[in-house]
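coords_23.cif (mmCIF, C-alpha atoms) appears below.
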data_target
#
loop_
_atom_site.label_atom_id
_atom_site.label_comp_id
_atom_site.auth_asym_id
_atom_site.auth_seq_id
_atom_site.Cartn_x
_atom_site.Cartn_y
_atom_site.Cartn_z
CA MET A 209 -42.46 113.19 92.68
CA GLU A 210 -42.82 110.26 90.33
CA ARG A 211 -41.10 110.07 86.98
CA PRO A 212 -43.34 112.01 84.58
CA GLU A 213 -45.28 109.88 82.14
CA LYS A 214 -44.89 112.54 79.50
CA ILE A 215 -42.82 115.69 79.18
CA LEU A 216 -44.30 118.59 77.25
CA VAL A 217 -41.63 120.43 75.26
CA ILE A 218 -42.50 123.90 73.98
CA GLU A 219 -40.07 125.45 71.55
CA ASP A 220 -40.52 127.35 68.31
CA ASP A 221 -37.25 126.30 66.71
CA HIS A 222 -37.69 123.01 64.87
CA ALA A 223 -34.08 121.85 65.17
CA THR A 224 -33.95 122.60 68.90
CA ILE A 225 -37.18 120.72 69.55
CA LYS A 226 -35.93 117.77 67.50
CA SER A 227 -32.71 117.72 69.48
CA ILE A 228 -34.45 117.86 72.89
CA VAL A 229 -37.03 115.23 71.98
CA SER A 230 -34.43 112.85 70.53
CA ILE A 231 -32.42 113.01 73.74
CA LEU A 232 -35.51 112.50 75.91
CA ASP A 233 -36.54 109.57 73.77
CA ARG A 234 -33.12 108.02 74.05
CA HIS A 235 -33.43 108.17 77.84
CA ASP A 236 -36.93 106.68 77.90
CA PHE A 237 -38.86 109.85 78.53
CA LYS A 238 -42.02 110.12 76.46
CA SER A 239 -42.62 113.60 75.18
CA LEU A 240 -45.17 115.76 73.49
CA THR A 241 -44.19 118.82 71.52
CA ALA A 242 -45.71 122.22 70.91
CA LEU A 243 -44.34 124.91 68.62
CA ASN A 244 -46.23 127.64 70.44
CA VAL A 245 -48.04 128.33 73.69
CA ASP A 246 -51.55 127.89 72.27
CA GLN A 247 -50.66 124.39 71.12
CA ALA A 248 -49.11 123.67 74.52
CA ILE A 249 -52.30 124.75 76.31
CA LYS A 250 -54.32 122.42 74.08
CA HIS A 251 -52.01 119.53 74.99
CA LEU A 252 -52.28 120.35 78.70
CA ASN A 253 -56.04 120.31 78.53
CA SER A 254 -56.26 117.05 76.63
CA ASP A 255 -53.45 114.93 78.05
CA SER A 256 -53.43 114.24 81.76
CA GLN A 257 -50.16 112.30 81.54
CA ILE A 258 -48.07 115.45 81.25
CA GLY A 259 -45.94 115.54 84.38
CA LEU A 260 -43.25 118.04 83.46
CA ILE A 261 -42.88 120.96 81.08
CA ILE A 262 -39.75 122.21 79.33
CA THR A 263 -40.37 125.55 77.67
CA ASP A 264 -38.61 128.20 75.67
CA LEU A 265 -39.24 131.77 76.81
CA SER A 266 -39.17 133.89 73.68
CA MET A 267 -41.67 132.65 71.12
CA PRO A 268 -43.92 134.27 68.53
CA GLY A 269 -47.40 134.96 69.89
CA LYS A 270 -47.77 134.16 73.57
CA ASP A 271 -44.42 133.72 75.29
CA GLY A 272 -43.05 131.35 77.91
CA PHE A 273 -43.98 133.74 80.74
CA TYR A 274 -47.61 133.55 79.68
CA LEU A 275 -47.39 129.77 79.77
CA ILE A 276 -45.79 129.65 83.24
CA ASP A 277 -48.45 132.01 84.56
CA TYR A 278 -51.18 129.92 82.94
CA VAL A 279 -49.84 126.68 84.42
CA LYS A 280 -49.14 128.07 87.88
CA SER A 281 -52.47 129.84 88.28
CA ASN A 282 -54.60 126.93 87.09
CA TYR A 283 -55.62 124.47 89.80
CA ARG A 284 -55.43 121.55 87.34
CA PHE A 285 -51.87 122.21 86.27
CA HIS A 286 -50.13 124.21 88.98
CA HIS A 287 -48.47 121.07 90.37
CA ILE A 288 -46.61 120.45 87.08
CA PRO A 289 -42.99 121.61 87.33
CA VAL A 290 -41.83 123.93 84.57
CA VAL A 291 -38.20 124.02 83.44
CA VAL A 292 -37.33 126.99 81.25
CA CYS A 293 -34.87 126.87 78.42
CA SER A 294 -33.04 130.02 77.57
CA HIS A 295 -29.85 131.47 76.13
CA LEU A 296 -26.92 132.69 78.16
CA GLY A 297 -27.35 136.39 78.66
CA ASP A 298 -31.10 136.15 79.21
CA ARG A 299 -30.54 136.22 82.97
CA ASP A 300 -33.30 138.72 83.70
CA ALA A 301 -35.77 136.61 81.75
CA VAL A 302 -34.78 133.50 83.71
CA LEU A 303 -35.18 135.33 87.03
CA LYS A 304 -38.61 136.53 85.96
CA ALA A 305 -39.59 132.98 85.00
CA LEU A 306 -38.40 131.60 88.35
CA LYS A 307 -40.42 134.24 90.19
CA LEU A 308 -43.49 133.29 88.19
CA GLY A 309 -43.09 129.73 89.41
CA ALA A 310 -40.65 127.99 87.07
CA THR A 311 -38.80 125.27 88.97
CA ASP A 312 -35.47 125.33 87.21
CA TYR A 313 -33.75 126.43 84.00
CA LEU A 314 -31.51 125.16 81.24
CA VAL A 315 -29.09 127.11 79.10
CA LYS A 316 -29.20 126.70 75.31
CA PRO A 317 -27.89 124.94 73.40
CA VAL A 318 -29.13 122.29 75.79
CA GLN A 319 -26.49 119.83 76.92
CA PRO A 320 -28.11 116.37 77.27
CA GLU A 321 -26.28 115.53 80.47
CA LYS A 322 -27.35 118.78 82.10
CA MET A 323 -30.94 118.39 80.89
CA LEU A 324 -31.26 114.86 82.29
CA GLN A 325 -29.67 115.92 85.56
CA THR A 326 -32.09 118.84 85.86
CA ILE A 327 -35.09 116.62 85.11
CA ASN A 328 -33.94 114.13 87.74
CA ASP A 329 -33.36 116.94 90.26
CA VAL A 330 -36.83 118.32 89.61
CA ILE A 331 -38.38 114.86 90.00
CA LYS A 332 -36.49 114.37 93.26
CA ARG A 333 -37.34 117.81 94.59
CA GLY A 334 -41.00 117.59 93.56
CA ARG A 335 -43.12 120.54 94.39
CA GLY A 336 -40.83 122.11 96.84
CA ARG A 337 -41.28 125.88 97.14
CA ILE A 338 -42.32 126.63 100.68
CA LEU A 339 -43.03 129.98 102.30
CA VAL A 340 -42.41 130.07 106.05
CA VAL A 341 -44.04 132.90 108.00
CA ASP A 342 -43.08 133.43 111.63
CA ASP A 343 -42.20 136.48 113.69
CA GLU A 344 -39.85 134.45 115.87
CA LYS A 345 -36.35 134.29 114.45
CA ILE A 346 -35.53 130.97 116.07
CA MET A 347 -38.61 129.28 114.55
CA ARG A 348 -37.89 130.73 111.11
CA GLU A 349 -34.35 129.45 111.25
CA LEU A 350 -35.33 126.05 112.54
CA LEU A 351 -37.96 125.52 109.86
CA GLU A 352 -35.70 126.88 107.14
CA ARG A 353 -32.92 124.51 108.11
CA LEU A 354 -35.23 121.50 108.38
CA LEU A 355 -36.86 122.15 105.03
CA GLN A 356 -33.64 122.92 103.21
CA ARG A 357 -32.13 119.69 104.50
CA GLU A 358 -34.95 117.92 102.66
CA ASN A 359 -34.10 119.86 99.47
CA PHE A 360 -37.11 122.17 99.62
CA THR A 361 -36.67 125.72 98.43
CA THR A 362 -37.65 128.11 101.21
CA PHE A 363 -38.89 131.68 101.25
CA ILE A 364 -38.98 133.37 104.62
CA ALA A 365 -41.26 136.14 105.90
CA LYS A 366 -41.18 137.78 109.31
CA SER A 367 -44.81 138.90 109.14
CA GLY A 368 -48.08 138.38 107.31
CA GLU A 369 -47.53 141.63 105.43
CA GLU A 370 -44.11 140.51 104.25
CA ALA A 371 -45.59 137.14 103.20
CA ILE A 372 -48.15 138.92 101.01
CA GLU A 373 -45.38 140.89 99.31
CA ILE A 374 -43.42 137.70 98.63
CA LEU A 375 -46.51 135.96 97.23
CA LYS A 376 -47.14 138.81 94.80
CA GLU A 377 -43.82 138.04 93.12
CA THR A 378 -43.23 134.38 93.85
CA MET A 379 -45.39 131.36 93.30
CA VAL A 380 -45.06 128.81 96.11
CA ASP A 381 -46.40 125.29 96.61
CA LEU A 382 -47.10 125.52 100.34
CA VAL A 383 -47.25 128.10 103.13
CA ILE A 384 -46.43 127.36 106.75
CA THR A 385 -47.50 130.15 109.06
CA ASP A 386 -47.49 130.90 112.76
CA ILE A 387 -50.74 132.26 114.19
CA ALA A 388 -49.85 134.89 116.73
CA MET A 389 -47.85 137.59 115.02
CA PRO A 390 -47.81 141.36 115.44
CA GLY A 391 -49.84 143.11 112.72
CA MET A 392 -51.59 140.66 110.42
CA ASN A 393 -51.97 137.34 112.22
CA GLY A 394 -51.65 133.89 110.67
CA LEU A 395 -55.39 133.40 110.24
CA GLU A 396 -55.83 136.72 108.46
CA LEU A 397 -52.92 135.78 106.23
CA MET A 398 -54.53 132.39 105.56
CA VAL A 399 -57.82 134.02 104.54
CA HIS A 400 -55.91 136.28 102.15
CA ILE A 401 -54.02 133.32 100.65
CA LYS A 402 -57.19 131.27 100.23
CA ASP A 403 -58.78 134.23 98.51
CA MET A 404 -55.91 135.02 96.16
CA TYR A 405 -54.28 131.60 95.65
CA PRO A 406 -56.94 129.02 96.55
CA PHE A 407 -54.87 126.03 95.47
CA VAL A 408 -51.89 126.80 97.72
CA PRO A 409 -52.14 124.67 100.87
CA VAL A 410 -51.64 126.46 104.18
CA LEU A 411 -50.32 124.74 107.29
CA VAL A 412 -50.78 126.63 110.53
CA ILE A 413 -48.49 126.27 113.51
CA THR A 414 -50.65 126.21 116.61
CA GLY A 415 -49.23 127.27 119.94
CA PHE A 416 -49.07 125.52 123.29
CA SER A 417 -52.11 127.13 124.83
CA GLY A 418 -53.20 129.84 122.48
CA LYS A 419 -56.65 131.01 121.62
CA TYR A 420 -56.62 128.76 118.56
CA ASN A 421 -56.24 125.03 118.59
CA SER A 422 -56.00 122.55 115.76
CA GLU A 423 -59.76 122.27 115.38
CA ASN A 424 -60.48 125.94 115.03
CA VAL A 425 -57.73 126.53 112.48
CA ILE A 426 -59.13 123.77 110.28
CA ALA A 427 -62.59 125.27 110.73
CA GLU A 428 -61.18 128.62 109.64
CA GLY A 429 -59.90 127.07 106.40
CA ALA A 430 -56.37 125.80 107.09
CA ASP A 431 -55.41 122.68 105.21
CA GLY A 432 -53.55 121.35 108.21
CA TYR A 433 -51.79 122.28 111.40
CA ILE A 434 -48.55 121.64 113.16
CA ALA A 435 -48.97 121.62 116.92
CA LYS A 436 -46.15 122.88 119.09
CA PRO A 437 -44.13 121.23 120.48
CA PHE A 438 -43.40 119.26 117.35
CA LYS A 439 -40.87 116.69 116.30
CA ASN A 440 -38.83 117.52 113.21
CA ILE A 441 -39.88 114.37 111.42
CA GLU A 442 -43.54 115.20 112.01
CA ILE A 443 -43.14 118.50 110.23
CA ILE A 444 -41.39 116.95 107.26
CA ASN A 445 -44.00 114.20 106.94
CA LYS A 446 -46.81 116.71 107.21
CA VAL A 447 -45.24 118.97 104.59
CA LYS A 448 -44.65 116.08 102.22
CA SER A 449 -48.25 114.95 102.54
CA TYR A 450 -49.43 118.27 101.09
CA LEU A 451 -47.02 118.37 98.16
CA MET B 234 -17.07 124.75 41.37
CA ASP B 235 -14.17 126.70 42.68
CA TYR B 236 -13.60 124.76 45.87
CA VAL B 237 -12.85 121.23 46.76
CA TYR B 238 -14.21 119.89 49.97
CA SER B 239 -12.74 116.71 51.27
CA LYS B 240 -14.72 114.28 53.41
CA THR B 241 -11.87 113.91 55.85
CA GLU B 242 -11.79 117.64 56.51
CA SER B 243 -15.50 117.97 57.08
CA ASN B 244 -15.27 119.30 60.61
CA GLY B 245 -16.78 122.65 59.80
CA ASN B 246 -15.17 126.04 60.07
CA PRO B 247 -14.67 126.81 63.79
CA ASP B 248 -15.10 130.54 63.14
CA LEU B 249 -18.62 129.83 61.96
CA TRP B 250 -19.72 127.02 64.27
CA LYS B 251 -18.32 124.40 66.62
CA GLU B 252 -18.67 120.79 65.68
CA GLU B 253 -17.66 119.64 69.15
CA THR B 254 -20.36 121.70 70.86
CA ALA B 255 -22.94 120.68 68.28
CA LEU B 256 -22.13 117.01 68.78
CA GLU B 257 -22.35 117.38 72.56
CA THR B 258 -25.96 118.49 72.24
CA VAL B 259 -26.81 115.28 70.37
CA GLU B 260 -24.73 112.91 72.49
CA GLY B 261 -22.25 112.48 69.65
CA ASP B 262 -24.89 111.26 67.21
CA LYS B 263 -23.71 112.53 63.82
CA ASP B 264 -26.86 111.37 62.03
CA LEU B 265 -29.00 113.35 64.42
CA LEU B 266 -26.74 116.38 63.96
CA LYS B 267 -27.17 116.03 60.21
CA GLU B 268 -30.92 115.96 60.70
CA LEU B 269 -30.74 119.13 62.81
CA ILE B 270 -28.70 120.78 60.07
CA GLU B 271 -31.31 119.81 57.48
CA ILE B 272 -34.11 121.18 59.66
CA PHE B 273 -32.17 124.42 60.10
CA ILE B 274 -31.55 124.71 56.35
CA ASP B 275 -35.27 124.20 55.70
CA ASP B 276 -36.28 126.79 58.29
CA TYR B 277 -33.62 129.32 57.41
CA PRO B 278 -35.48 131.20 54.62
CA ALA B 279 -38.49 131.78 56.89
CA VAL B 280 -36.30 132.97 59.75
CA ILE B 281 -34.46 135.41 57.47
CA LYS B 282 -37.77 136.56 56.00
CA SER B 283 -39.08 137.43 59.45
CA LEU B 284 -35.85 139.32 60.19
CA ASN B 285 -36.17 141.30 56.95
CA GLU B 286 -39.81 142.07 57.70
CA ALA B 287 -38.83 143.18 61.19
CA PHE B 288 -36.28 145.62 59.76
CA ASP B 289 -38.84 146.85 57.23
CA SER B 290 -41.28 147.53 60.05
CA LYS B 291 -38.59 149.60 61.83
CA GLU B 292 -39.91 148.29 65.11
CA CYS B 293 -37.19 147.40 67.58
CA GLY B 294 -39.41 144.88 69.34
CA GLN B 295 -39.87 142.93 66.11
CA VAL B 296 -36.16 143.10 65.28
CA GLU B 297 -35.28 141.88 68.76
CA LYS B 298 -37.61 138.88 68.43
CA ALA B 299 -36.50 137.98 64.92
CA ALA B 300 -32.80 138.26 65.82
CA HIS B 301 -33.44 136.13 68.90
CA ARG B 302 -35.12 133.50 66.75
CA LEU B 303 -32.20 133.45 64.30
CA LYS B 304 -29.74 133.25 67.19
CA GLY B 305 -31.69 130.35 68.66
CA ALA B 306 -31.79 128.46 65.38
CA MET B 307 -28.05 128.89 64.78
CA SER B 308 -26.86 128.26 68.30
CA ASN B 309 -27.67 124.55 68.06
CA PHE B 310 -24.38 124.37 66.21
CA GLY B 311 -22.22 126.12 68.79
CA SER B 312 -21.43 129.80 68.83
CA GLY B 313 -19.60 131.40 65.96
CA GLN B 314 -19.59 134.77 64.20
CA ALA B 315 -23.22 134.57 63.08
CA VAL B 316 -24.55 133.77 66.56
CA GLU B 317 -22.51 136.62 68.01
CA LEU B 318 -23.84 139.06 65.41
CA ALA B 319 -27.42 137.90 65.93
CA GLN B 320 -26.97 138.44 69.64
CA LYS B 321 -25.50 141.90 69.00
CA THR B 322 -28.49 142.77 66.81
CA GLU B 323 -30.88 141.48 69.46
CA ILE B 324 -29.25 143.52 72.23
CA LEU B 325 -29.12 146.73 70.15
CA ALA B 326 -32.80 146.32 69.27
CA ARG B 327 -33.67 145.64 72.91
CA GLU B 328 -31.92 148.88 73.81
CA GLY B 329 -34.00 150.70 71.18
CA ASP B 330 -31.03 151.38 68.89
CA PHE B 331 -32.61 150.62 65.51
CA GLU B 332 -29.85 152.27 63.49
CA GLY B 333 -27.18 150.36 65.42
CA ALA B 334 -29.00 147.10 64.73
CA GLN B 335 -29.31 148.02 61.07
CA LYS B 336 -25.56 148.56 60.83
CA VAL B 337 -24.93 145.01 62.07
CA TYR B 338 -27.55 143.57 59.71
CA THR B 339 -25.36 143.23 56.58
CA ASP B 340 -22.60 141.47 58.51
CA LEU B 341 -25.16 139.24 60.19
CA ILE B 342 -26.65 138.13 56.88
CA GLU B 343 -23.20 137.53 55.41
CA ALA B 344 -22.12 135.46 58.41
CA SER B 345 -25.40 133.50 58.41
CA GLU B 346 -25.00 132.66 54.71
CA LYS B 347 -21.45 131.48 55.35
CA LEU B 348 -22.70 129.34 58.21
CA ILE B 349 -25.42 127.79 56.07
CA ASP B 350 -22.91 127.03 53.31
CA ASP B 351 -20.48 125.46 55.73
CA LEU B 352 -23.19 123.37 57.39
CA LYS B 353 -24.33 122.17 53.97
CA ARG B 354 -20.80 121.14 53.11
CA TYR B 355 -20.40 119.40 56.47
CA SER B 356 -23.69 117.61 56.11
CA ASN B 357 -22.81 116.37 52.63
CA GLY B 358 -19.29 115.44 53.69
CA THR B 359 -20.31 113.37 56.68
CA THR B 360 -22.98 111.47 54.79
CA GLY B 361 -20.48 110.32 52.22
CA LYS B 362 -22.14 112.14 49.35
CA ASP B 363 -19.86 113.95 46.98
CA SER B 364 -20.43 117.62 47.43
CA CYS B 365 -18.50 118.75 44.35
CA HIS B 366 -17.55 117.31 41.05
#

Kindly transcribe the structure held in the file into structure tokens.
Amino acid sequence: MERPEKILVIEDDHATIKSIVSILDRHDFKSLTALNVDQAIKHLNSDSQIGLIITDLSMPGKDGFYLIDYVKSNYRFHHIPVVVCSHLGDRDAVLKALKLGATDYLVKPVQPEKMLQTINDVIKRGRGRILVVDDEKIMRELLERLLQRENFTTFIAKSGEEAIEILKETMVDLVITDIAMPGMNGLELMVHIKDMYPFVPVLVITGFSGKYNSENVIAEGADGYIAKPFKNIEIINKVKSYL
Amino acid sequence: MDYVYSKTESNGNPDLWKEETALETVEGDKDLLKELIEIFIDDYPAVIKSLNEAFDSKECGQVEKAAHRLKGAMSNFGSGQAVELAQKTEILAREGDFEGAQKVYTDLIEASEKLIDDLKRYSNGTTGKDSCH
């Protein structure tokens, strides 16, 4: 991911927002501020330079969870990473935010060094939450290892049904699925994903001589395919091209 | 005035807040810290008002939010008694223990007032203004 042109900071406490913005400014990050979620949504809709969001969770009116959900379920904004800012002891809230699609979190009072490191990590990592669906253990492990080596965050499902359960709780940026699986197959899963989360790209792994080849999976609605046998670098390049 | 506050001792009372932690959050910039203190002092009456209203409403959800807000505003200056009491109030309210939260309330207000006073003294001390005559 490129360095964000602007960072949107959402925080209802004036001193905290001043402190965060001053530090960002000092390190050459332009920022926009919002004291509540409604204001933040207005900024998002009027400023296309926003490339990263730092948000508080507990705020009067709509809270940070509402904002994360809004950003992650809107095709125009879902690619923008959200870093949540919360107090120690709000662990459950942070976990909830991460499940909703937040990329990372900061503990208040925000330490500048930690904040800058987190922003740089998020920039480096980009949109990196990938769900891998395969009934074969060896494939799951191979893909998991490959993706993790590239700093992607992986979620693993052994079946289409398990993938659906994971997606109910966790927002991801990309799904890689095998086709032939017992129970729900990869194409059925893809149709479900396209129905429920139309902006999440799906890459399908096509087999050596299966019923489906690369052309039919694209025709069925896949964003791309990975043909077996594949080279590791091909997978990584393919994945990166969709994120 | 019944106290004398010397500029050289203007490090704040560590029971109330932590200068070192507060300075870390502003990369050691004392002027910025002073600005944060001024913002906090300006916001303080509204934050306390919302806490009072929350207690008047007897709704734990409101108390929890208002205590959280106060905690957030104060924690920019490192944790001390007031932050701890605000957190205690927040947790009791979250657990639905209104009476428990109410019992902490007086101590919380007292500690918050002490914090405000100490921050004011610090702010005046570090800017070179005479705080007392």

Distance limit 7 Å, atoms considered: all atoms listed in the file. Which chain B residues sit that close to chain A? Return them as a PDB file with C-alpha atoms, in the frame of the given file.
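In the end it all went to part28.pdb:
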ATOM      1  CA  GLU B 257     -22.350 117.380  72.560  1.00  0.00           C
ATOM      2  CA  THR B 258     -25.960 118.490  72.240  1.00  0.00           C
ATOM      3  CA  VAL B 259     -26.810 115.280  70.370  1.00  0.00           C
ATOM      4  CA  GLU B 260     -24.730 112.910  72.490  1.00  0.00           C
ATOM      5  CA  LEU B 269     -30.740 119.130  62.810  1.00  0.00           C
ATOM      6  CA  ILE B 272     -34.110 121.180  59.660  1.00  0.00           C
ATOM      7  CA  PHE B 273     -32.170 124.420  60.100  1.00  0.00           C
ATOM      8  CA  ALA B 306     -31.790 128.460  65.380  1.00  0.00           C
ATOM      9  CA  SER B 308     -26.860 128.260  68.300  1.00  0.00           C
ATOM     10  CA  ASN B 309     -27.670 124.550  68.060  1.00  0.00           C
TER      11      ASN B 309
END

- [ ] Name the closest residue to Lys353 in chain B among the candidates B:Glu297, B:Glu252, B:Asp289, B:Glu271; distances are taken between atoms, counting all atoms listed in the file.
- [x]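 Using all atoms listed in the file, the shortest distance to Lys353 in chain B belongs to B:Glu271.
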
TODO: For CA of Thr241 in chain A and CA of Glu213 in chain A, quote the distance in Å rounded to one decimal.
DONE: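 Between these atoms lies a distance of 13.9 Å.
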
Open item on the list: Please report the interatomic distance between CA of Val412 in chain A and CA of Gly368 in chain A in Å with one decimal.
Closed with: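 Taking CA of Val412 in chain A as the start and CA of Gly368 in chain A as the end point, the length is 12.5 Å.
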
Open item on the list: As an exercise, work out the distance from CA of Val408 in chain A to CA of Gln257 in chain A in Å and give it to one decimal place.
Closed with: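 Between these atoms lies a distance of 21.8 Å.
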
Task: Selection result for the PyMOL selection byres ((chain A and resi 438) around 12) on this file, as a PyMOL selection string - done: chain A and resi 347+350-351+413-416+433-437+439-446

Task: Selection near Ile384 in chain A, 10 Å with only C-alpha atoms, sequence-local residues under 4 positions removed, as a ChimeraX atom specification - done: /A:338-342,351,364,394,398,409-413,432-434,447

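Restricting the calculation to only C-alpha atoms, the smallest distance between Tyr420 in chain A and any of A:Leu451, A:Leu395, A:Leu265, A:Val291 is found for A:Leu395.
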
Open item on the list: If we count all atoms listed in the file and set the cut-off at 8 Å, which residues sit around range 313-328 of chain B, ignoring sequence neighbours fewer than 3 positions away in its own chain? Please answer as a PyMOL selection string.
Closed with: chain B and resi 247-251+293-294+296-298+300-301+303-304+307-308+331+333-335+337-338+340-342+344-345+348

Export of the given selection (C-alpha atoms) as an mmCIF file, in the coordinates of the input:
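Okay, part.cif is ready:
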data_model
loop_
_atom_site.group_PDB
_atom_site.id
_atom_site.type_symbol
_atom_site.label_atom_id
_atom_site.label_comp_id
_atom_site.auth_asym_id
_atom_site.auth_seq_id
_atom_site.Cartn_x
_atom_site.Cartn_y
_atom_site.Cartn_z
ATOM 1 C CA PRO B 247 -14.670 126.810 63.790
ATOM 2 C CA ASP B 248 -15.100 130.540 63.140
ATOM 3 C CA LEU B 249 -18.620 129.830 61.960
ATOM 4 C CA TRP B 250 -19.720 127.020 64.270
ATOM 5 C CA LYS B 251 -18.320 124.400 66.620
ATOM 6 C CA CYS B 293 -37.190 147.400 67.580
ATOM 7 C CA GLY B 294 -39.410 144.880 69.340
ATOM 8 C CA VAL B 296 -36.160 143.100 65.280
ATOM 9 C CA GLU B 297 -35.280 141.880 68.760
ATOM 10 C CA LYS B 298 -37.610 138.880 68.430
ATOM 11 C CA ALA B 300 -32.800 138.260 65.820
ATOM 12 C CA HIS B 301 -33.440 136.130 68.900
ATOM 13 C CA LEU B 303 -32.200 133.450 64.300
ATOM 14 C CA LYS B 304 -29.740 133.250 67.190
ATOM 15 C CA MET B 307 -28.050 128.890 64.780
ATOM 16 C CA SER B 308 -26.860 128.260 68.300
ATOM 17 C CA PHE B 331 -32.610 150.620 65.510
ATOM 18 C CA GLY B 333 -27.180 150.360 65.420
ATOM 19 C CA ALA B 334 -29.000 147.100 64.730
ATOM 20 C CA GLN B 335 -29.310 148.020 61.070
ATOM 21 C CA VAL B 337 -24.930 145.010 62.070
ATOM 22 C CA TYR B 338 -27.550 143.570 59.710
ATOM 23 C CA ASP B 340 -22.600 141.470 58.510
ATOM 24 C CA LEU B 341 -25.160 139.240 60.190
ATOM 25 C CA ILE B 342 -26.650 138.130 56.880
ATOM 26 C CA ALA B 344 -22.120 135.460 58.410
ATOM 27 C CA SER B 345 -25.400 133.500 58.410
ATOM 28 C CA LEU B 348 -22.700 129.340 58.210
#

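For the set A:Val380, A:Ile331, A:Ala388, A:Leu375, the residue with the smallest atom-to-atom gap to His400 in chain A is A:Leu375, counting all atoms listed in the file.
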